[in-house]
>>> print(open('model-v1.txt').read())   # compact mmCIF, C-alpha atoms
# COMPACT_ATOMS: atom_id res chain seq x y z
CA MET H 3 0.00 0.00 0.00
CA THR H 4 0.96 3.61 -0.43
CA ILE H 5 1.61 6.05 2.38
CA PHE H 6 1.44 9.67 1.19
CA ILE H 7 4.01 11.90 2.88
CA PRO H 8 2.94 15.56 3.38
CA THR H 9 5.18 18.40 2.31
CA PRO H 10 6.65 19.14 5.77
CA LEU H 11 7.76 15.55 6.39
CA ARG H 12 9.39 14.73 3.06
CA ALA H 13 12.78 15.96 4.23
CA PHE H 14 12.67 13.15 6.79
CA ALA H 15 11.64 10.54 4.21
CA ALA H 16 14.51 11.01 1.77
CA GLY H 17 12.48 13.61 -0.11
CA LYS H 18 9.76 11.14 -1.06
CA ASP H 19 6.12 12.17 -1.41
CA ALA H 20 4.96 8.56 -1.17
CA VAL H 21 6.35 5.37 0.33
CA GLU H 22 5.26 1.83 -0.51
CA VAL H 23 4.88 -0.63 2.36
CA SER H 24 3.59 -4.19 2.53
CA ALA H 25 2.20 -4.31 6.08
CA GLY H 26 -1.18 -5.80 6.99
CA THR H 27 -2.47 -3.18 9.46
CA ILE H 28 -2.28 0.58 9.81
CA ALA H 29 -0.01 0.29 12.85
CA SER H 30 2.42 -2.05 11.14
CA ALA H 31 2.38 0.14 8.03
CA LEU H 32 3.47 3.12 10.13
CA ASP H 33 6.09 0.98 11.85
CA GLU H 34 7.42 -0.11 8.46
CA LEU H 35 7.50 3.53 7.35
CA THR H 36 9.46 4.72 10.38
CA ALA H 37 11.77 1.71 10.23
CA ALA H 38 12.71 2.75 6.70
CA HIS H 39 12.86 6.43 7.66
CA PRO H 40 13.74 6.67 11.38
CA ASP H 41 13.85 10.50 11.36
CA LEU H 42 10.09 10.47 10.80
CA ARG H 43 9.35 8.80 14.10
CA LYS H 44 9.66 11.82 16.37
CA HIS H 45 7.49 13.86 14.00
CA LEU H 46 4.71 11.27 14.01
CA PHE H 47 4.81 9.76 17.50
CA THR H 48 5.17 10.89 21.10
CA SER H 49 7.83 9.40 23.32
CA GLU H 50 5.10 7.02 24.53
CA GLY H 51 4.56 5.74 21.02
CA LYS H 52 1.18 7.39 20.40
CA VAL H 53 0.43 9.38 17.24
CA ARG H 54 0.99 13.05 18.01
CA ALA H 55 -2.21 15.02 18.62
CA PHE H 56 -1.76 17.29 15.60
CA VAL H 57 -1.02 14.39 13.22
CA ASN H 58 -4.09 13.04 11.43
CA ILE H 59 -3.88 9.66 9.73
CA TYR H 60 -6.44 8.84 7.05
CA LEU H 61 -7.07 5.39 5.60
CA ASN H 62 -8.34 6.30 2.15
CA ASP H 63 -10.92 8.95 3.12
CA GLU H 64 -11.52 7.88 6.70
CA ASP H 65 -9.93 9.26 9.86
CA VAL H 66 -8.21 6.35 11.60
CA ARG H 67 -9.15 7.59 15.06
CA TYR H 68 -12.81 6.96 14.21
CA LEU H 69 -12.37 3.49 12.75
CA PRO H 70 -13.63 0.72 15.09
CA ALA H 71 -10.23 -0.98 15.18
CA LYS H 72 -8.26 2.28 14.88
CA GLU H 73 -4.59 1.53 14.12
CA ALA H 74 -5.29 -2.20 14.27
CA THR H 75 -7.46 -1.91 11.16
CA ALA H 76 -6.42 -4.30 8.44
CA VAL H 77 -5.27 -2.80 5.16
CA SER H 78 -4.87 -4.16 1.63
CA SER H 79 -2.53 -3.34 -1.21
CA GLY H 80 -5.01 -0.99 -2.85
CA ASP H 81 -5.45 1.16 0.27
CA THR H 82 -3.68 4.42 0.93
CA LEU H 83 -2.66 6.17 4.13
CA SER H 84 -2.43 9.94 4.19
CA ILE H 85 -0.51 11.73 6.92
CA ILE H 86 -2.09 15.16 7.40
CA PRO H 87 -0.69 17.57 10.01
CA SER H 88 -3.42 19.82 11.38
CA ILE H 89 -3.96 23.27 9.91
CA ALA H 90 -5.55 25.86 12.17
CA GLY H 91 -4.94 29.22 13.73
CA GLY H 92 -6.49 32.62 14.09
CA CYS H 93 -6.05 36.15 15.30
CA MET Z 4 14.44 36.25 3.05
CA SER Z 5 12.51 33.65 1.06
CA VAL Z 6 10.16 34.67 -1.73
CA LEU Z 7 6.60 33.45 -2.36
CA ARG Z 8 5.65 33.87 -6.02
CA MET Z 9 2.12 33.97 -7.40
CA GLU Z 10 0.13 35.47 -10.22
CA LYS Z 11 -1.93 38.53 -9.44
CA ALA Z 12 -5.14 36.56 -10.06
CA ILE Z 13 -4.28 34.20 -7.18
CA TYR Z 14 -3.20 37.07 -4.92
CA ASP Z 15 -6.47 38.87 -5.64
CA ALA Z 16 -8.50 35.68 -5.14
CA ILE Z 17 -7.20 34.91 -1.66
CA ARG Z 18 -7.73 38.53 -0.62
CA ALA Z 19 -11.24 38.52 -2.07
CA HIS Z 20 -12.00 35.35 -0.13
CA GLY Z 21 -11.30 37.22 3.09
CA GLU Z 22 -13.78 39.93 2.03
CA GLU Z 23 -16.42 37.30 1.17
CA THR Z 24 -16.28 35.65 4.59
CA TYR Z 25 -15.90 38.85 6.64
CA PRO Z 26 -16.46 39.22 9.60
CA HIS Z 27 -15.33 35.61 9.78
CA GLU Z 28 -11.89 34.23 8.97
CA CYS Z 29 -11.49 32.63 5.58
CA CYS Z 30 -9.01 29.82 4.92
CA GLY Z 31 -7.62 27.82 2.07
CA ALA Z 32 -4.66 26.00 0.61
CA LEU Z 33 -1.95 27.10 -1.79
CA LEU Z 34 -0.70 24.59 -4.34
CA GLY Z 35 2.59 25.04 -6.13
CA ARG Z 36 6.17 24.02 -6.73
CA THR Z 37 9.45 24.73 -4.96
CA THR Z 38 12.01 27.14 -6.35
CA PRO Z 39 15.49 27.94 -4.99
CA GLU Z 40 14.02 31.05 -3.34
CA GLY Z 41 10.80 29.57 -1.97
CA TRP Z 42 7.43 28.45 -3.29
CA SER Z 43 5.83 29.36 -6.60
CA ILE Z 44 2.05 29.13 -6.28
CA GLU Z 45 0.09 27.74 -9.23
CA THR Z 46 -3.39 27.79 -7.73
CA SER Z 47 -5.32 28.42 -4.54
CA VAL Z 48 -8.10 26.25 -3.15
CA LYS Z 49 -10.80 27.64 -0.88
CA ALA Z 50 -11.47 25.52 2.20
CA GLY Z 51 -14.21 25.42 4.77
CA ASN Z 52 -13.62 26.86 8.24
CA THR Z 53 -14.84 24.29 10.74
CA ARG Z 54 -14.51 26.73 13.66
CA THR Z 55 -18.10 27.87 13.36
CA ASP Z 56 -18.02 28.37 17.13
CA SER Z 57 -15.50 31.21 16.85
CA ALA Z 58 -15.07 31.98 13.16
CA HIS Z 59 -14.42 35.67 13.79
CA ASN Z 60 -10.99 34.87 15.24
CA ARG Z 61 -10.28 31.16 14.59
CA TYR Z 62 -9.97 28.88 11.60
CA HIS Z 63 -9.47 25.15 11.15
CA ILE Z 64 -9.44 23.15 7.94
CA SER Z 65 -10.83 19.64 8.19
CA PRO Z 66 -8.06 17.07 7.61
CA GLY Z 67 -10.56 15.13 5.53
CA GLU Z 68 -10.79 18.12 3.21
CA LEU Z 69 -6.99 18.32 3.14
CA VAL Z 70 -6.81 14.70 2.00
CA LYS Z 71 -8.92 15.69 -1.00
CA ILE Z 72 -6.89 18.86 -1.62
CA GLU Z 73 -3.67 16.85 -1.49
CA ARG Z 74 -5.16 14.35 -3.96
CA GLU Z 75 -6.06 17.26 -6.25
CA ALA Z 76 -2.51 18.59 -5.95
CA ARG Z 77 -1.00 15.22 -6.84
CA GLY Z 78 -3.24 15.01 -9.88
CA LYS Z 79 -1.87 18.33 -11.08
CA GLY Z 80 1.74 17.52 -10.28
CA LEU Z 81 1.75 20.11 -7.51
CA ASP Z 82 2.51 20.14 -3.79
CA ILE Z 83 0.65 21.78 -0.93
CA ALA Z 84 2.91 24.82 -0.60
CA GLY Z 85 1.07 26.50 2.22
CA PHE Z 86 -2.15 27.98 3.43
CA TYR Z 87 -3.89 31.30 3.63
CA HIS Z 88 -6.35 32.81 6.07
CA SER Z 89 -7.69 36.23 6.99
CA HIS Z 90 -7.67 38.32 10.14
CA PRO Z 91 -10.93 40.33 10.33
CA ASP Z 92 -10.19 43.79 11.76
CA HIS Z 93 -6.81 42.56 12.94
CA PRO Z 94 -3.27 43.00 11.57
CA ALA Z 95 -1.79 40.70 8.93
CA GLN Z 96 0.64 39.40 11.52
CA TRP Z 97 0.90 35.87 12.87
CA SER Z 98 -0.47 35.36 16.36
CA GLN Z 99 0.63 32.98 19.10
CA THR Z 100 -2.36 30.86 18.10
CA ASP Z 101 -1.18 30.82 14.50
CA LEU Z 102 2.28 29.65 15.58
CA ALA Z 103 1.06 27.08 18.08
CA GLU Z 104 -1.24 25.55 15.44
CA ALA Z 105 1.30 25.67 12.60
CA HIS Z 106 2.76 22.28 11.75
CA TRP Z 107 3.52 22.44 8.02
CA LEU Z 108 7.25 23.09 8.34
CA GLY Z 109 8.78 24.58 5.24
CA CYS Z 110 5.46 25.90 3.98
CA SER Z 111 4.10 29.42 3.59
CA TYR Z 112 1.34 30.89 5.70
CA VAL Z 113 -0.33 33.89 4.06
CA ILE Z 114 -2.40 36.24 6.18
CA THR Z 115 -4.65 39.05 4.93
CA ALA Z 116 -5.93 41.76 7.21
CA VAL Z 117 -9.53 42.57 6.33
CA ALA Z 118 -10.52 45.93 7.77
CA LYS Z 119 -14.28 46.59 7.89
CA GLY Z 120 -14.82 44.17 5.04
CA VAL Z 121 -12.04 45.47 2.79
CA ALA Z 122 -8.80 43.55 2.24
CA ALA Z 123 -5.84 45.55 3.46
CA GLN Z 124 -2.30 44.25 3.99
CA THR Z 125 -1.36 40.71 2.93
CA ASN Z 126 1.79 39.19 4.41
CA SER Z 127 3.40 35.79 4.05
CA PHE Z 128 5.37 33.91 6.65
CA HIS Z 129 7.63 30.92 6.01
CA LEU Z 130 7.40 28.30 8.76
CA ALA Z 131 11.10 27.70 9.41
CA GLY Z 132 12.74 25.12 11.64
CA ASP Z 133 12.73 21.35 11.61
CA THR Z 134 10.91 20.43 14.81
CA GLU Z 135 7.89 21.53 16.83
CA GLU Z 136 10.34 22.87 19.38
CA ASN Z 137 12.34 25.16 17.07
CA LYS Z 138 9.64 26.17 14.56
CA ARG Z 139 9.28 29.87 13.93
CA PHE Z 140 7.66 32.18 11.42
CA GLU Z 141 9.92 34.25 9.19
CA LEU Z 142 8.53 37.08 7.08
CA GLU Z 143 8.92 36.45 3.36
CA THR Z 144 8.47 38.59 0.29
CA ILE Z 145 5.38 38.05 -1.84
CA ASP Z 146 6.32 38.47 -5.49
CA VAL Z 147 3.05 39.12 -7.32
CA HIS Z 148 3.73 38.50 -10.98
CA GLY Z 149 6.71 40.81 -10.94
CA ALA Z 150 5.31 43.35 -8.43
CA SER Z 151 7.21 42.79 -5.15
CA LYS Z 152 5.22 43.11 -1.94
CA SER Z 153 6.81 42.50 1.47
>>> encode(input="model-v1.txt", output="structure tokens")
Amino acid sequence: MTIFIPTPLRAFAAGKDAVEVSAGTIASALDELTAAHPDLRKHLFTSEGKVRAFVNIYLNDEDVRYLPAKEATAVSSGDTLSIIPSIAGGC
Amino acid sequence: MSVLRMEKAIYDAIRAHGEETYPHECCGALLGRTTPEGWSIETSVKAGNTRTDSAHNRYHISPGELVKIEREARGKGLDIAGFYHSHPDHPAQWSQTDLAEAHWLGCSYVITAVAKGVAAQTNSFHLAGDTEENKRFELETIDVHGASKS
């Protein structure tokens, strides 16, 4: 499956905008991604190993945090993961 | 100082968006390509502001909408280069809220002051740094189709 890397994280993924992994769940896909690109880990996960609060992970068009199995959700080769840092602000 | 390049039509569009949504903040994405000096914007994409509870001084773009915008960018061979939003009756200067909520390192954040419904100053800030701990906004020049604005 394909993991799309957002603009701000490509420098930590050898400049790639997408990485192919062969894992069977969302969690293992992210583990495979950070194993291949260790510098990504601190940008995606807290020291306790949880996805950082401002990092949104989407399986196709669904927010992983709202899936029944969350990161344990099974994935197939045709699925995509999108890593989307939050965008917000205001005066 | 980095330079954000865009055609006047895009510059005018993002400013007009702030006038349309006044007295609420507008928001959207900027799609483009990197240059040695900074980003060159090819198109802007309006986005919805989910902060309907406090739209006069807060904005948030749904990550689900960003997934679609990123897909659109890929289809056009572009990257998400940054974002824009407006400050109704407030300066075109980043706030502590803007910085705290900024996570797209290396991207441009464009802010337009909209005074009593009329777009005033537009500034752009490059989100520099390589971690959440050392991120900072740096003012950058907006090069509007040859007319420099900083």
>>> atom_distance(input="model-v1.txt", atom1="atom CA of Ile59 of chain H", atom2="atom CA of Phe128 of chain Z")
26.1 Å
>>> residues_near_point(input="model-v1.txt", point="(-15.6, 39.0, 4.1)", cutoff="9 Å", atoms="all atoms listed in the file", output="list in words")
Ala19, His20, Gly21, Glu22, Glu23, Thr24, Tyr25, Pro26, His27, Glu28, Cys29, Ser89, Pro91, Val117, Lys119, Gly120, Val121 and Ala122 of chain Z
>>> write_last_selection(input="model-v1.txt", atoms="C-alpha atoms", output="PDB file, keeping the file's coordinate frame")
ATOM      1  CA  ALA Z  19     -11.240  38.520  -2.070  1.00  0.00           C
ATOM      2  CA  HIS Z  20     -12.000  35.350  -0.130  1.00  0.00           C
ATOM      3  CA  GLY Z  21     -11.300  37.220   3.090  1.00  0.00           C
ATOM      4  CA  GLU Z  22     -13.780  39.930   2.030  1.00  0.00           C
ATOM      5  CA  GLU Z  23     -16.420  37.300   1.170  1.00  0.00           C
ATOM      6  CA  THR Z  24     -16.280  35.650   4.590  1.00  0.00           C
ATOM      7  CA  TYR Z  25     -15.900  38.850   6.640  1.00  0.00           C
ATOM      8  CA  PRO Z  26     -16.460  39.220   9.600  1.00  0.00           C
ATOM      9  CA  HIS Z  27     -15.330  35.610   9.780  1.00  0.00           C
ATOM     10  CA  GLU Z  28     -11.890  34.230   8.970  1.00  0.00           C
ATOM     11  CA  CYS Z  29     -11.490  32.630   5.580  1.00  0.00           C
ATOM     12  CA  SER Z  89      -7.690  36.230   6.990  1.00  0.00           C
ATOM     13  CA  PRO Z  91     -10.930  40.330  10.330  1.00  0.00           C
ATOM     14  CA  VAL Z 117      -9.530  42.570   6.330  1.00  0.00           C
ATOM     15  CA  LYS Z 119     -14.280  46.590   7.890  1.00  0.00           C
ATOM     16  CA  GLY Z 120     -14.820  44.170   5.040  1.00  0.00           C
ATOM     17  CA  VAL Z 121     -12.040  45.470   2.790  1.00  0.00           C
ATOM     18  CA  ALA Z 122      -8.800  43.550   2.240  1.00  0.00           C
TER      19      ALA Z 122
END
>>> closest_atom_pairs(input="model-v1.txt", of="chain Z", to="chain H", cutoff="8 Å", atoms="only C-alpha atoms", output="Markdown table")
| residue | atom | partner | partner_atom | distance |
| --- | --- | --- | --- | --- |
| Z:Glu28 | CA | H:Gly92 | CA | 7.6 |
| Z:Asn60 | CA | H:Cys93 | CA | 5.1 |
| Z:Arg61 | CA | H:Gly92 | CA | 4.1 |
| Z:Tyr62 | CA | H:Ala90 | CA | 5.4 |
| Z:His63 | CA | H:Ala90 | CA | 4.1 |
| Z:Ile64 | CA | H:Ile89 | CA | 5.8 |
| Z:Ser65 | CA | H:Ile89 | CA | 8.0 |
| Z:Pro66 | CA | H:Ile86 | CA | 6.3 |
| Z:Gly67 | CA | H:Asp63 | CA | 6.6 |
| Z:Leu69 | CA | H:Ile86 | CA | 7.2 |
| Z:Val70 | CA | H:Ser84 | CA | 6.8 |
| Z:Asp82 | CA | H:Thr9 | CA | 6.9 |
| Z:Ile83 | CA | H:Thr9 | CA | 6.5 |
| Z:Ala84 | CA | H:Thr9 | CA | 7.4 |
| Z:His90 | CA | H:Cys93 | CA | 5.8 |
| Z:His93 | CA | H:Cys93 | CA | 6.9 |
| Z:Trp97 | CA | H:Cys93 | CA | 7.4 |
| Z:Ser98 | CA | H:Cys93 | CA | 5.7 |
| Z:Thr100 | CA | H:Gly91 | CA | 5.3 |
| Z:Asp101 | CA | H:Gly91 | CA | 4.2 |
| Z:Leu102 | CA | H:Gly91 | CA | 7.5 |
| Z:Ala103 | CA | H:Gly91 | CA | 7.7 |
| Z:Glu104 | CA | H:Ala90 | CA | 5.4 |
| Z:Ala105 | CA | H:Ile89 | CA | 6.4 |
| Z:His106 | CA | H:Pro87 | CA | 6.1 |
| Z:Trp107 | CA | H:Pro10 | CA | 5.1 |
| Z:Leu108 | CA | H:Pro10 | CA | 4.8 |
| Z:Gly109 | CA | H:Pro10 | CA | 5.9 |
| Z:Cys110 | CA | H:Pro10 | CA | 7.1 |
| Z:Thr134 | CA | H:His45 | CA | 7.5 |
>>> atom_distance(input="model-v1.txt", atom1="atom CA of Ala55 of chain H", atom2="atom CA of Thr115 of chain Z")
27.8 Å
>>> atom_distance(input="model-v1.txt", atom1="atom CA of Glu141 of chain Z", atom2="atom CA of His129 of chain Z")
5.1 Å
>>> build_atoms(input="model-v1.txt", residues="segment 16-31 of chain H", atoms="N, CA and C atoms", output="mmCIF file, keeping the file's coordinate frame")
data_model
loop_
_atom_site.group_PDB
_atom_site.id
_atom_site.type_symbol
_atom_site.label_atom_id
_atom_site.label_comp_id
_atom_site.auth_asym_id
_atom_site.auth_seq_id
_atom_site.Cartn_x
_atom_site.Cartn_y
_atom_site.Cartn_z
ATOM 1 N N ALA H 16 13.634 10.988 2.958
ATOM 2 C CA ALA H 16 14.510 11.010 1.770
ATOM 3 C C ALA H 16 13.882 11.780 0.612
ATOM 4 N N GLY H 17 13.075 12.773 0.927
ATOM 5 C CA GLY H 17 12.480 13.610 -0.110
ATOM 6 C C GLY H 17 11.292 12.991 -0.818
ATOM 7 N N LYS H 18 10.852 11.835 -0.363
ATOM 8 C CA LYS H 18 9.760 11.140 -1.060
ATOM 9 C C LYS H 18 8.397 11.709 -0.698
ATOM 10 N N ASP H 19 7.483 11.752 -1.681
ATOM 11 C CA ASP H 19 6.120 12.170 -1.410
ATOM 12 C C ASP H 19 5.201 10.962 -1.196
ATOM 13 N N ALA H 20 5.733 9.775 -1.419
ATOM 14 C CA ALA H 20 4.960 8.560 -1.170
ATOM 15 C C ALA H 20 5.930 7.408 -0.908
ATOM 16 N N VAL H 21 5.526 6.529 -0.006
ATOM 17 C CA VAL H 21 6.350 5.370 0.330
ATOM 18 C C VAL H 21 5.477 4.121 0.225
ATOM 19 N N GLU H 22 5.996 3.093 -0.392
ATOM 20 C CA GLU H 22 5.260 1.830 -0.510
ATOM 21 C C GLU H 22 5.646 0.907 0.637
ATOM 22 N N VAL H 23 4.629 0.332 1.296
ATOM 23 C CA VAL H 23 4.880 -0.630 2.360
ATOM 24 C C VAL H 23 4.012 -1.864 2.093
ATOM 25 N N SER H 24 4.338 -2.953 2.776
ATOM 26 C CA SER H 24 3.590 -4.190 2.530
ATOM 27 C C SER H 24 2.933 -4.725 3.787
ATOM 28 N N ALA H 25 2.752 -3.880 4.795
ATOM 29 C CA ALA H 25 2.200 -4.310 6.080
ATOM 30 C C ALA H 25 0.708 -4.639 5.989
ATOM 31 N N GLY H 26 0.204 -5.353 7.014
ATOM 32 C CA GLY H 26 -1.180 -5.800 6.990
ATOM 33 C C GLY H 26 -2.140 -4.974 7.825
ATOM 34 N N THR H 27 -1.615 -4.077 8.659
ATOM 35 C CA THR H 27 -2.470 -3.180 9.460
ATOM 36 C C THR H 27 -1.913 -1.769 9.369
ATOM 37 N N ILE H 28 -2.725 -0.815 9.825
ATOM 38 C CA ILE H 28 -2.280 0.580 9.810
ATOM 39 C C ILE H 28 -1.059 0.745 10.718
ATOM 40 N N ALA H 29 -1.118 0.156 11.903
ATOM 41 C CA ALA H 29 -0.010 0.290 12.850
ATOM 42 C C ALA H 29 1.281 -0.284 12.284
ATOM 43 N N SER H 30 1.200 -1.440 11.689
ATOM 44 C CA SER H 30 2.420 -2.050 11.140
ATOM 45 C C SER H 30 2.902 -1.297 9.909
ATOM 46 N N ALA H 31 1.976 -0.673 9.180
ATOM 47 C CA ALA H 31 2.380 0.140 8.030
ATOM 48 C C ALA H 31 3.193 1.342 8.497
#
